[in-house]
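One file, model01.csv, is given below (CSV, C-alpha atoms).
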chain,number,residue,atom,x,y,z
A,107,MET,CA,-40.1,33.9,-20.2
A,108,PRO,CA,-37.7,31.0,-20.5
A,109,GLU,CA,-39.4,29.3,-17.6
A,110,LEU,CA,-43.0,30.1,-16.5
A,111,PRO,CA,-43.4,31.3,-12.9
A,112,GLU,CA,-45.3,28.9,-10.6
A,113,LEU,CA,-48.8,29.7,-9.4
A,114,ASP,CA,-49.2,28.3,-5.9
A,115,PRO,CA,-52.0,25.7,-6.1
A,116,VAL,CA,-53.0,26.4,-2.5
A,117,ILE,CA,-54.0,29.9,-3.6
A,118,HIS,CA,-55.1,29.3,-7.2
A,119,GLY,CA,-58.9,29.1,-6.7
A,120,LYS,CA,-61.3,32.0,-6.8
A,121,LEU,CA,-62.6,31.7,-3.2
A,122,ARG,CA,-59.1,31.3,-1.7
A,123,LEU,CA,-57.8,34.2,-3.8
A,124,ALA,CA,-60.7,36.4,-2.5
A,125,ILE,CA,-60.1,35.3,1.1
A,126,LEU,CA,-56.3,36.1,0.9
A,127,SER,CA,-57.0,39.4,-0.9
A,128,LEU,CA,-59.5,40.4,1.8
A,129,LEU,CA,-57.2,39.4,4.7
A,130,SER,CA,-54.2,41.1,3.1
A,131,ALA,CA,-56.0,44.4,3.4
A,132,VAL,CA,-56.9,44.2,7.1
A,133,ALA,CA,-55.2,43.3,10.4
A,134,GLU,CA,-57.8,40.6,11.1
A,135,ALA,CA,-61.3,39.6,10.1
A,136,GLU,CA,-64.2,37.8,11.5
A,137,PHE,CA,-65.7,34.7,9.8
A,138,THR,CA,-68.9,36.5,9.2
A,139,TYR,CA,-67.1,39.4,7.5
A,140,LEU,CA,-65.4,37.0,5.1
A,141,ARG,CA,-68.6,35.2,4.4
A,142,ASN,CA,-70.5,38.4,3.7
A,143,GLN,CA,-67.8,39.8,1.5
A,144,THR,CA,-67.4,36.6,-0.6
A,145,GLY,CA,-71.1,35.6,-0.7
A,146,SER,CA,-70.0,32.1,0.2
A,147,THR,CA,-71.8,29.6,2.4
A,148,ASP,CA,-70.5,28.7,5.9
A,149,GLY,CA,-69.5,25.2,4.8
A,150,ASN,CA,-67.6,26.2,1.7
A,151,LEU,CA,-65.9,29.2,3.3
A,152,GLY,CA,-64.9,27.0,6.3
A,153,ALA,CA,-63.4,24.3,4.1
A,154,HIS,CA,-61.3,26.7,2.1
A,155,ILE,CA,-60.1,28.6,5.1
A,156,LEU,CA,-59.1,25.3,6.6
A,157,LYS,CA,-56.9,24.6,3.6
A,158,LEU,CA,-55.2,27.9,4.0
A,159,GLU,CA,-54.7,27.3,7.7
A,160,GLN,CA,-53.2,23.9,7.0
A,161,ALA,CA,-50.8,25.5,4.6
A,162,GLY,CA,-49.8,28.0,7.4
A,163,TYR,CA,-51.1,30.9,5.4
A,164,VAL,CA,-53.9,31.9,7.8
A,165,SER,CA,-54.1,31.8,11.6
A,166,VAL,CA,-57.3,31.4,13.6
A,167,LYS,CA,-58.3,32.7,17.0
A,168,LYS,CA,-61.5,31.9,18.9
A,169,THR,CA,-62.8,34.6,21.1
A,170,PHE,CA,-65.9,36.2,22.4
A,171,ILE,CA,-67.3,39.5,21.2
A,172,ARG,CA,-70.2,40.8,23.3
A,173,ARG,CA,-70.5,37.3,24.8
A,174,LYS,CA,-70.9,35.7,21.3
A,175,PRO,CA,-68.3,33.2,20.3
A,176,THR,CA,-66.4,34.7,17.3
A,177,THR,CA,-63.7,33.3,15.0
A,178,ILE,CA,-61.1,35.7,13.9
A,179,TYR,CA,-58.7,35.1,11.0
A,180,ARG,CA,-55.4,36.8,10.2
A,181,LEU,CA,-52.9,36.4,7.4
A,182,THR,CA,-49.6,34.9,8.7
A,183,GLU,CA,-46.2,36.2,7.5
A,184,ARG,CA,-45.9,33.0,5.5
A,185,GLY,CA,-49.3,33.7,3.9
A,186,ARG,CA,-48.4,37.2,3.1
A,187,THR,CA,-45.2,36.1,1.4
A,188,ALA,CA,-47.0,33.4,-0.6
A,189,PHE,CA,-49.8,35.8,-1.7
A,190,THR,CA,-47.4,38.5,-2.7
A,191,SER,CA,-45.4,36.0,-4.7
A,192,TYR,CA,-48.6,34.6,-6.3
A,193,VAL,CA,-49.6,38.1,-7.4
A,194,ARG,CA,-46.1,38.8,-8.7
A,195,ASN,CA,-46.0,35.6,-10.7
A,196,LEU,CA,-49.5,36.2,-12.1
A,197,LYS,CA,-48.5,39.6,-13.2
A,198,GLN,CA,-45.4,38.1,-14.9
A,199,LEU,CA,-47.6,35.5,-16.7
A,200,LEU,CA,-50.1,38.1,-17.8
A,201,GLY,CA,-47.4,40.5,-19.0
A,202,GLY,CA,-48.9,43.9,-19.7
A,203,GLN,CA,-52.6,42.7,-19.6
A,204,LEU,CA,-53.2,43.9,-16.0
A,205,GLN,CA,-52.5,47.6,-16.4
B,169,MET,CA,-68.5,41.3,-3.5
B,170,PRO,CA,-71.9,39.6,-3.0
B,171,GLU,CA,-71.1,37.0,-5.6
B,172,LEU,CA,-67.5,36.1,-6.6
B,173,PRO,CA,-66.8,36.5,-10.3
B,174,GLU,CA,-66.1,33.3,-12.2
B,175,LEU,CA,-62.6,32.4,-13.4
B,176,ASP,CA,-62.9,30.5,-16.7
B,177,PRO,CA,-61.4,27.1,-16.1
B,178,VAL,CA,-60.3,26.8,-19.7
B,179,ILE,CA,-58.0,29.7,-19.1
B,180,HIS,CA,-57.1,29.2,-15.4
B,181,GLY,CA,-53.8,27.3,-15.8
B,182,LYS,CA,-50.4,29.0,-16.0
B,183,LEU,CA,-49.4,27.8,-19.5
B,184,ARG,CA,-52.8,28.6,-21.0
B,185,LEU,CA,-52.7,32.0,-19.3
B,186,ALA,CA,-49.3,32.6,-20.8
B,187,ILE,CA,-50.4,31.5,-24.3
B,188,LEU,CA,-53.4,33.7,-24.3
B,189,SER,CA,-51.4,36.6,-22.9
B,190,LEU,CA,-48.8,36.2,-25.7
B,191,LEU,CA,-51.4,35.9,-28.4
B,192,SER,CA,-53.4,38.9,-27.1
B,193,ALA,CA,-50.3,41.0,-27.8
B,194,VAL,CA,-49.7,40.0,-31.5
B,195,ALA,CA,-51.8,39.5,-34.6
B,196,GLU,CA,-50.6,35.9,-34.9
B,197,ALA,CA,-47.7,33.7,-33.7
B,198,GLU,CA,-45.9,30.6,-34.8
B,199,PHE,CA,-45.8,27.5,-32.7
B,200,THR,CA,-42.0,27.9,-32.2
B,201,TYR,CA,-42.4,31.4,-30.9
B,202,LEU,CA,-44.9,30.3,-28.3
B,203,ARG,CA,-42.7,27.4,-27.3
B,204,ASN,CA,-39.6,29.6,-26.9
B,205,GLN,CA,-41.5,32.3,-25.0
B,206,THR,CA,-43.1,29.8,-22.6
B,207,GLY,CA,-40.1,27.4,-22.2
B,208,SER,CA,-42.6,24.6,-22.7
B,209,THR,CA,-42.1,21.2,-24.4
B,210,ASP,CA,-43.7,20.6,-27.8
B,211,GLY,CA,-46.0,18.0,-26.3
B,212,ASN,CA,-47.2,20.1,-23.4
B,213,LEU,CA,-47.7,23.2,-25.5
B,214,GLY,CA,-49.5,21.3,-28.2
B,215,ALA,CA,-51.9,19.7,-25.7
B,216,HIS,CA,-52.8,23.1,-24.0
B,217,ILE,CA,-53.2,24.9,-27.3
B,218,LEU,CA,-55.6,22.1,-28.4
B,219,LYS,CA,-57.8,22.7,-25.4
B,220,LEU,CA,-57.9,26.4,-26.3
B,221,GLU,CA,-58.7,25.5,-29.9
B,222,GLN,CA,-61.5,23.2,-28.8
B,223,ALA,CA,-63.0,26.0,-26.7
B,224,GLY,CA,-62.9,28.2,-29.8
B,225,TYR,CA,-60.4,30.6,-28.2
B,226,VAL,CA,-57.6,30.1,-30.6
B,227,SER,CA,-57.6,29.4,-34.4
B,228,VAL,CA,-54.9,27.5,-36.2
B,229,LYS,CA,-53.5,27.8,-39.7
B,230,LYS,CA,-51.0,25.5,-41.4
B,231,THR,CA,-48.8,27.1,-43.9
B,232,PHE,CA,-45.2,27.1,-45.3
B,233,ILE,CA,-42.6,29.7,-44.6
B,234,ARG,CA,-39.5,29.3,-46.7
B,235,ARG,CA,-40.7,25.8,-47.7
B,236,LYS,CA,-40.9,24.7,-44.1
B,237,PRO,CA,-44.3,23.7,-42.7
B,238,THR,CA,-45.3,26.1,-40.0
B,239,THR,CA,-48.3,26.3,-37.7
B,240,ILE,CA,-49.6,29.7,-36.9
B,241,TYR,CA,-52.0,30.6,-34.1
B,242,ARG,CA,-54.3,33.5,-33.6
B,243,LEU,CA,-56.6,34.6,-30.8
B,244,THR,CA,-60.3,34.4,-32.0
B,245,GLU,CA,-62.8,37.1,-31.1
B,246,ARG,CA,-64.3,34.7,-28.7
B,247,GLY,CA,-60.9,34.0,-27.2
B,248,ARG,CA,-60.2,37.8,-26.8
B,249,THR,CA,-63.6,38.3,-25.1
B,250,ALA,CA,-63.0,35.4,-22.7
B,251,PHE,CA,-59.5,36.5,-21.9
B,252,THR,CA,-60.5,40.1,-21.3
B,253,SER,CA,-63.3,38.9,-19.0
B,254,TYR,CA,-60.9,36.5,-17.2
B,255,VAL,CA,-58.5,39.4,-16.5
B,256,ARG,CA,-61.3,41.7,-15.4
B,257,ASN,CA,-62.7,39.0,-13.0
B,258,LEU,CA,-59.2,38.3,-11.6
B,259,LYS,CA,-58.7,42.0,-10.9
B,260,GLN,CA,-62.1,42.1,-9.1
B,261,LEU,CA,-61.1,39.1,-7.0
B,262,LEU,CA,-57.8,40.6,-6.1
B,263,GLY,CA,-59.1,44.0,-5.4
B,264,GLY,CA,-56.3,46.5,-5.1
B,265,GLN,CA,-53.5,43.9,-5.0
B,266,LEU,CA,-52.6,44.2,-8.7
B,267,GLN,CA,-51.7,47.9,-8.8
Mind converting the file's structure to structure tokens?
Amino acid sequence: MPELPELDPVIHGKLRLAILSLLSAVAEAEFTYLRNQTGSTDGNLGAHILKLEQAGYVSVKKTFIRRKPTTIYRLTERGRTAFTSYVRNLKQLLGGQLQ
Amino acid sequence: MPELPELDPVIHGKLRLAILSLLSAVAEAEFTYLRNQTGSTDGNLGAHILKLEQAGYVSVKKTFIRRKPTTIYRLTERGRTAFTSYVRNLKQLLGGQLQ
């Protein structure tokens, strides 16, 4: 380890990590799904998703499901690359501790 | 995940993660070993180890090796518990992404 790998500061927070981890496992997810899975409040979840949107890691789509307005999120290609790289760097930092 | 696990803020920085990961793998380590393995500067490494000492996660011993003053670090029991817990929570946050 002559130079430590970087940990993307956009990702390096527990709620953002959880959001990206959830989105990486599905094609797309509703806001309410993310809220239920993370146990977050609307406000907190919305603020952190916005940061991920602004970084280009997450895309948002507004639609209607059974006439109810619904917000759907998806990991972008850029987000997937950043998350994969984050996990790889984390593994490198932690050496064998994650097995 | 009804409630996200906490990530200990004392540990949640790449250099501190690397220090604890290195110390968790050995009985004890010299300052120069940690510096060489992390590629850090003396000042930066010293500052971050001090934070880990202040949290009771790392203990320090000053000694002489071949008449040269040497500083030796060791993970405390408290540090080992905190690091193990950190890694467990991280795994939980990241779901299956670390396999």
Output the coordinates of chain B after least-squares fitting to chain A on all in-order C-alpha pairs, as a compact mmCIF listing (two decimals) with C-alpha atoms, in the coordinates of the input.
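As a result, superposed_28.txt now contains:
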# COMPACT_ATOMS: atom_id res chain seq x y z
CA MET B 169 -40.06 33.98 -20.23
CA PRO B 170 -37.68 30.98 -20.41
CA GLU B 171 -39.41 29.31 -17.51
CA LEU B 172 -43.03 30.11 -16.51
CA PRO B 173 -43.40 31.25 -12.92
CA GLU B 174 -45.31 28.90 -10.63
CA LEU B 175 -48.83 29.69 -9.43
CA ASP B 176 -49.25 28.28 -5.90
CA PRO B 177 -52.03 25.76 -6.10
CA VAL B 178 -53.06 26.41 -2.52
CA ILE B 179 -53.97 29.90 -3.56
CA HIS B 180 -55.10 29.33 -7.19
CA GLY B 181 -58.88 29.03 -6.64
CA LYS B 182 -61.27 31.99 -6.76
CA LEU B 183 -62.58 31.78 -3.16
CA ARG B 184 -59.11 31.30 -1.68
CA LEU B 185 -57.85 34.18 -3.82
CA ALA B 186 -60.65 36.32 -2.51
CA ILE B 187 -60.01 35.33 1.14
CA LEU B 188 -56.37 36.08 0.94
CA SER B 189 -57.03 39.33 -0.89
CA LEU B 190 -59.49 40.41 1.86
CA LEU B 191 -57.17 39.42 4.65
CA SER B 192 -54.15 41.13 3.03
CA ALA B 193 -56.09 44.40 3.36
CA VAL B 194 -56.94 44.23 7.14
CA ALA B 195 -55.15 43.32 10.34
CA GLU B 196 -57.72 40.61 11.07
CA ALA B 197 -61.30 39.66 10.09
CA GLU B 198 -64.19 37.75 11.53
CA PHE B 199 -65.61 34.72 9.85
CA THR B 200 -68.92 36.58 9.19
CA TYR B 201 -67.15 39.40 7.46
CA LEU B 202 -65.40 37.04 5.10
CA ARG B 203 -68.63 35.20 4.42
CA ASN B 204 -70.55 38.41 3.65
CA GLN B 205 -67.76 39.81 1.47
CA THR B 206 -67.40 36.59 -0.54
CA GLY B 207 -71.14 35.61 -0.71
CA SER B 208 -70.00 32.12 0.23
CA THR B 209 -71.81 29.48 2.34
CA ASP B 210 -70.51 28.73 5.84
CA GLY B 211 -69.53 25.24 4.76
CA ASN B 212 -67.65 26.25 1.64
CA LEU B 213 -65.86 29.12 3.33
CA GLY B 214 -64.92 27.02 6.31
CA ALA B 215 -63.47 24.26 4.11
CA HIS B 216 -61.29 26.73 2.01
CA ILE B 217 -60.10 28.62 5.05
CA LEU B 218 -59.03 25.25 6.58
CA LYS B 219 -56.87 24.49 3.59
CA LEU B 220 -55.23 27.90 4.00
CA GLU B 221 -54.77 27.24 7.71
CA GLN B 222 -53.20 23.86 7.00
CA ALA B 223 -50.74 25.49 4.60
CA GLY B 224 -49.83 27.93 7.38
CA TYR B 225 -51.16 30.91 5.41
CA VAL B 226 -53.85 31.93 7.77
CA SER B 227 -54.04 31.79 11.63
CA VAL B 228 -57.23 31.43 13.58
CA LYS B 229 -58.28 32.74 16.97
CA LYS B 230 -61.46 31.92 18.88
CA THR B 231 -62.73 34.59 21.09
CA PHE B 232 -65.97 36.26 22.37
CA ILE B 233 -67.29 39.58 21.26
CA ARG B 234 -70.22 40.78 23.31
CA ARG B 235 -70.54 37.26 24.79
CA LYS B 236 -70.91 35.71 21.37
CA PRO B 237 -68.27 33.23 20.21
CA THR B 238 -66.44 34.62 17.25
CA THR B 239 -63.69 33.27 15.04
CA ILE B 240 -61.13 35.69 13.84
CA TYR B 241 -58.65 35.15 11.01
CA ARG B 242 -55.37 36.75 10.20
CA LEU B 243 -52.90 36.42 7.35
CA THR B 244 -49.58 34.88 8.67
CA GLU B 245 -46.22 36.16 7.50
CA ARG B 246 -45.91 33.06 5.48
CA GLY B 247 -49.34 33.64 3.99
CA ARG B 248 -48.42 37.30 3.07
CA THR B 249 -45.16 36.13 1.42
CA ALA B 250 -46.97 33.45 -0.59
CA PHE B 251 -49.73 35.77 -1.63
CA THR B 252 -47.35 38.53 -2.67
CA SER B 253 -45.36 35.99 -4.71
CA TYR B 254 -48.58 34.58 -6.25
CA VAL B 255 -49.59 38.09 -7.39
CA ARG B 256 -46.12 38.87 -8.70
CA ASN B 257 -46.03 35.54 -10.69
CA LEU B 258 -49.54 36.17 -12.08
CA LYS B 259 -48.49 39.62 -13.28
CA GLN B 260 -45.41 38.08 -14.97
CA LEU B 261 -47.61 35.51 -16.69
CA LEU B 262 -50.02 38.10 -17.87
CA GLY B 263 -47.46 40.54 -18.98
CA GLY B 264 -48.99 43.91 -19.68
CA GLN B 265 -52.61 42.71 -19.52
CA LEU B 266 -53.20 43.83 -15.92
CA GLN B 267 -52.49 47.55 -16.33
Exercise. Take CA of Asn195 in chain A and CA of Gly224 in chain B and report the distance between them in Å, one decimal.
Key: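 If I compute the distance from CA of Asn195 in chain A to CA of Gly224 in chain B, I get 26.6 Å.
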Quiz item: Nearest to Leu185 in chain B: which of B:Leu261, B:Val228, B:Ile240, B:Val255 is it, counting all atoms listed in the file?
Solution: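 Between B:Leu261, B:Val228, B:Ile240, B:Val255, the residue approaching Leu185 in chain B most closely is B:Val255.
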Practice problem: Give as a PyMOL selection string every residue of chain B that touches chain A within 10 Å, counting all atoms listed in the file. | Solution: chain B and resi 169-175+177+180-190+192-193+203-208+251-252+255-267
Self-check item: Option closest in space to Leu243 in chain B, from B:Leu218, B:Val226, B:Thr209, B:Asp176 [counting only C-alpha atoms]
Solution: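 Ranked by minimum distance to Leu243 in chain B, first place goes to B:Val226.
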Practice problem: Enter the distance from CA of Glu134 in chain A to CA of Thr176 in chain A, in Å, rounded to one decimal. | Solution: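 Taking CA of Glu134 in chain A and CA of Thr176 in chain A, their separation equals 12.1 Å.
Among the candidates B:Val178, B:Ala223, B:Ala250, B:Leu213, the residue lying nearest to Tyr201 in chain B is B:Leu213 (atoms considered: all atoms listed in the file).
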Quiz item: Of the candidates A:Ile117, A:Thr182, A:Phe137, A:Thr187, which one gets nearest to Lys168 in chain A if we count all atoms listed in the file?
Solution: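 Checking each candidate against Lys168 in chain A, we get A:Phe137 as the closest.
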Quiz item: Which is closest to Ala197 in chain B among B:Gly211, B:Lys229, B:Lys236, B:Arg248, if we use all atoms listed in the file?
Solution: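 For Ala197 in chain B, the nearest of the candidates is B:Lys229.
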Quiz item: Quick one, how far is CA of Gly152 in chain A from CA of Leu129 in chain A?
Solution: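 Answer for the CA of Gly152 in chain A to CA of Leu129 in chain A separation: 14.7 Å.
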Starting from the incomplete input, reconstruct all heavy atoms of range 240-251 of chain B and report them as a PDB file, keeping the file's coordinate frame.
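As written to disk, out39.pdb reads:
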ATOM      1  N   ILE B 240     -49.455  28.359 -37.393  1.00  0.00           N
ATOM      2  CA  ILE B 240     -49.600  29.700 -36.900  1.00  0.00           C
ATOM      3  C   ILE B 240     -50.939  29.839 -36.119  1.00  0.00           C
ATOM      4  O   ILE B 240     -51.984  29.340 -36.545  1.00  0.00           O
ATOM      5  CB  ILE B 240     -49.640  30.707 -38.102  1.00  0.00           C
ATOM      6  CG1 ILE B 240     -48.221  30.779 -38.678  1.00  0.00           C
ATOM      7  CG2 ILE B 240     -50.100  32.100 -37.681  1.00  0.00           C
ATOM      8  CD1 ILE B 240     -48.099  31.616 -39.909  1.00  0.00           C
ATOM      9  N   TYR B 241     -50.845  30.458 -34.968  1.00  0.00           N
ATOM     10  CA  TYR B 241     -52.000  30.600 -34.100  1.00  0.00           C
ATOM     11  C   TYR B 241     -52.413  32.051 -33.953  1.00  0.00           C
ATOM     12  O   TYR B 241     -51.602  32.965 -34.064  1.00  0.00           O
ATOM     13  CB  TYR B 241     -51.653  30.045 -32.693  1.00  0.00           C
ATOM     14  CG  TYR B 241     -51.334  28.578 -32.742  1.00  0.00           C
ATOM     15  CD1 TYR B 241     -50.022  28.148 -32.811  1.00  0.00           C
ATOM     16  CD2 TYR B 241     -52.353  27.648 -32.758  1.00  0.00           C
ATOM     17  CE1 TYR B 241     -49.719  26.799 -32.889  1.00  0.00           C
ATOM     18  CE2 TYR B 241     -52.066  26.299 -32.833  1.00  0.00           C
ATOM     19  CZ  TYR B 241     -50.758  25.875 -32.902  1.00  0.00           C
ATOM     20  OH  TYR B 241     -50.470  24.549 -32.988  1.00  0.00           O
ATOM     21  N   ARG B 242     -53.689  32.175 -33.676  1.00  0.00           N
ATOM     22  CA  ARG B 242     -54.300  33.500 -33.600  1.00  0.00           C
ATOM     23  C   ARG B 242     -55.396  33.433 -32.515  1.00  0.00           C
ATOM     24  O   ARG B 242     -56.095  32.435 -32.406  1.00  0.00           O
ATOM     25  CB  ARG B 242     -54.865  33.843 -34.930  1.00  0.00           C
ATOM     26  CG  ARG B 242     -55.579  35.159 -35.057  1.00  0.00           C
ATOM     27  CD  ARG B 242     -56.283  35.237 -36.405  1.00  0.00           C
ATOM     28  NE  ARG B 242     -55.373  35.504 -37.506  1.00  0.00           N
ATOM     29  CZ  ARG B 242     -55.032  36.734 -37.915  1.00  0.00           C
ATOM     30  NH1 ARG B 242     -55.555  37.784 -37.319  1.00  0.00           N
ATOM     31  NH2 ARG B 242     -54.202  36.904 -38.918  1.00  0.00           N
ATOM     32  N   LEU B 243     -55.532  34.489 -31.759  1.00  0.00           N
ATOM     33  CA  LEU B 243     -56.600  34.600 -30.800  1.00  0.00           C
ATOM     34  C   LEU B 243     -57.916  34.871 -31.589  1.00  0.00           C
ATOM     35  O   LEU B 243     -57.930  35.768 -32.435  1.00  0.00           O
ATOM     36  CB  LEU B 243     -56.340  35.728 -29.824  1.00  0.00           C
ATOM     37  CG  LEU B 243     -57.042  35.741 -28.471  1.00  0.00           C
ATOM     38  CD1 LEU B 243     -56.728  34.496 -27.667  1.00  0.00           C
ATOM     39  CD2 LEU B 243     -56.605  36.980 -27.674  1.00  0.00           C
ATOM     40  N   THR B 244     -58.981  34.122 -31.338  1.00  0.00           N
ATOM     41  CA  THR B 244     -60.300  34.400 -32.000  1.00  0.00           C
ATOM     42  C   THR B 244     -60.962  35.558 -31.238  1.00  0.00           C
ATOM     43  O   THR B 244     -60.559  35.917 -30.136  1.00  0.00           O
ATOM     44  CB  THR B 244     -61.197  33.194 -31.959  1.00  0.00           C
ATOM     45  OG1 THR B 244     -61.484  32.894 -30.588  1.00  0.00           O
ATOM     46  CG2 THR B 244     -60.567  31.982 -32.626  1.00  0.00           C
ATOM     47  N   GLU B 245     -62.026  36.080 -31.821  1.00  0.00           N
ATOM     48  CA  GLU B 245     -62.800  37.100 -31.100  1.00  0.00           C
ATOM     49  C   GLU B 245     -63.334  36.558 -29.809  1.00  0.00           C
ATOM     50  O   GLU B 245     -63.296  37.227 -28.774  1.00  0.00           O
ATOM     51  CB  GLU B 245     -63.976  37.581 -32.002  1.00  0.00           C
ATOM     52  CG  GLU B 245     -63.648  38.796 -32.837  1.00  0.00           C
ATOM     53  CD  GLU B 245     -63.002  39.908 -32.009  1.00  0.00           C
ATOM     54  OE1 GLU B 245     -63.647  40.450 -31.091  1.00  0.00           O
ATOM     55  OE2 GLU B 245     -61.815  40.207 -32.288  1.00  0.00           O
ATOM     56  N   ARG B 246     -63.808  35.313 -29.890  1.00  0.00           N
ATOM     57  CA  ARG B 246     -64.300  34.700 -28.700  1.00  0.00           C
ATOM     58  C   ARG B 246     -63.227  34.524 -27.615  1.00  0.00           C
ATOM     59  O   ARG B 246     -63.464  34.700 -26.419  1.00  0.00           O
ATOM     60  CB  ARG B 246     -64.861  33.288 -29.074  1.00  0.00           C
ATOM     61  CG  ARG B 246     -65.435  32.521 -27.939  1.00  0.00           C
ATOM     62  CD  ARG B 246     -66.011  31.213 -28.445  1.00  0.00           C
ATOM     63  NE  ARG B 246     -66.522  30.439 -27.345  1.00  0.00           N
ATOM     64  CZ  ARG B 246     -67.351  29.431 -27.463  1.00  0.00           C
ATOM     65  NH1 ARG B 246     -67.781  29.076 -28.666  1.00  0.00           N
ATOM     66  NH2 ARG B 246     -67.762  28.773 -26.408  1.00  0.00           N
ATOM     67  N   GLY B 247     -62.020  34.179 -28.076  1.00  0.00           N
ATOM     68  CA  GLY B 247     -60.900  34.000 -27.200  1.00  0.00           C
ATOM     69  C   GLY B 247     -60.524  35.365 -26.524  1.00  0.00           C
ATOM     70  O   GLY B 247     -60.216  35.442 -25.331  1.00  0.00           O
ATOM     71  N   ARG B 248     -60.569  36.429 -27.328  1.00  0.00           N
ATOM     72  CA  ARG B 248     -60.200  37.800 -26.800  1.00  0.00           C
ATOM     73  C   ARG B 248     -61.246  38.192 -25.751  1.00  0.00           C
ATOM     74  O   ARG B 248     -60.887  38.706 -24.691  1.00  0.00           O
ATOM     75  CB  ARG B 248     -60.147  38.778 -27.948  1.00  0.00           C
ATOM     76  CG  ARG B 248     -59.560  40.121 -27.536  1.00  0.00           C
ATOM     77  CD  ARG B 248     -59.252  41.017 -28.733  1.00  0.00           C
ATOM     78  NE  ARG B 248     -58.278  40.427 -29.637  1.00  0.00           N
ATOM     79  CZ  ARG B 248     -56.953  40.515 -29.462  1.00  0.00           C
ATOM     80  NH1 ARG B 248     -56.459  41.172 -28.446  1.00  0.00           N
ATOM     81  NH2 ARG B 248     -56.136  39.937 -30.325  1.00  0.00           N
ATOM     82  N   THR B 249     -62.507  37.947 -26.062  1.00  0.00           N
ATOM     83  CA  THR B 249     -63.600  38.300 -25.100  1.00  0.00           C
ATOM     84  C   THR B 249     -63.383  37.508 -23.797  1.00  0.00           C
ATOM     85  O   THR B 249     -63.477  38.069 -22.700  1.00  0.00           O
ATOM     86  CB  THR B 249     -64.948  37.974 -25.703  1.00  0.00           C
ATOM     87  OG1 THR B 249     -65.076  38.709 -26.926  1.00  0.00           O
ATOM     88  CG2 THR B 249     -66.066  38.358 -24.761  1.00  0.00           C
ATOM     89  N   ALA B 250     -63.114  36.206 -23.924  1.00  0.00           N
ATOM     90  CA  ALA B 250     -63.000  35.400 -22.700  1.00  0.00           C
ATOM     91  C   ALA B 250     -61.753  35.773 -21.908  1.00  0.00           C
ATOM     92  O   ALA B 250     -61.807  35.818 -20.675  1.00  0.00           O
ATOM     93  CB  ALA B 250     -62.836  33.888 -23.148  1.00  0.00           C
ATOM     94  N   PHE B 251     -60.677  36.106 -22.585  1.00  0.00           N
ATOM     95  CA  PHE B 251     -59.500  36.500 -21.900  1.00  0.00           C
ATOM     96  C   PHE B 251     -59.639  37.834 -21.171  1.00  0.00           C
ATOM     97  O   PHE B 251     -59.252  38.009 -20.008  1.00  0.00           O
ATOM     98  CB  PHE B 251     -58.284  36.540 -22.857  1.00  0.00           C
ATOM     99  CG  PHE B 251     -56.960  36.844 -22.214  1.00  0.00           C
ATOM    100  CD1 PHE B 251     -56.444  36.008 -21.231  1.00  0.00           C
ATOM    101  CD2 PHE B 251     -56.227  37.955 -22.587  1.00  0.00           C
ATOM    102  CE1 PHE B 251     -55.213  36.279 -20.636  1.00  0.00           C
ATOM    103  CE2 PHE B 251     -55.000  38.235 -22.003  1.00  0.00           C
ATOM    104  CZ  PHE B 251     -54.494  37.398 -21.020  1.00  0.00           C
TER     105      PHE B 251
END
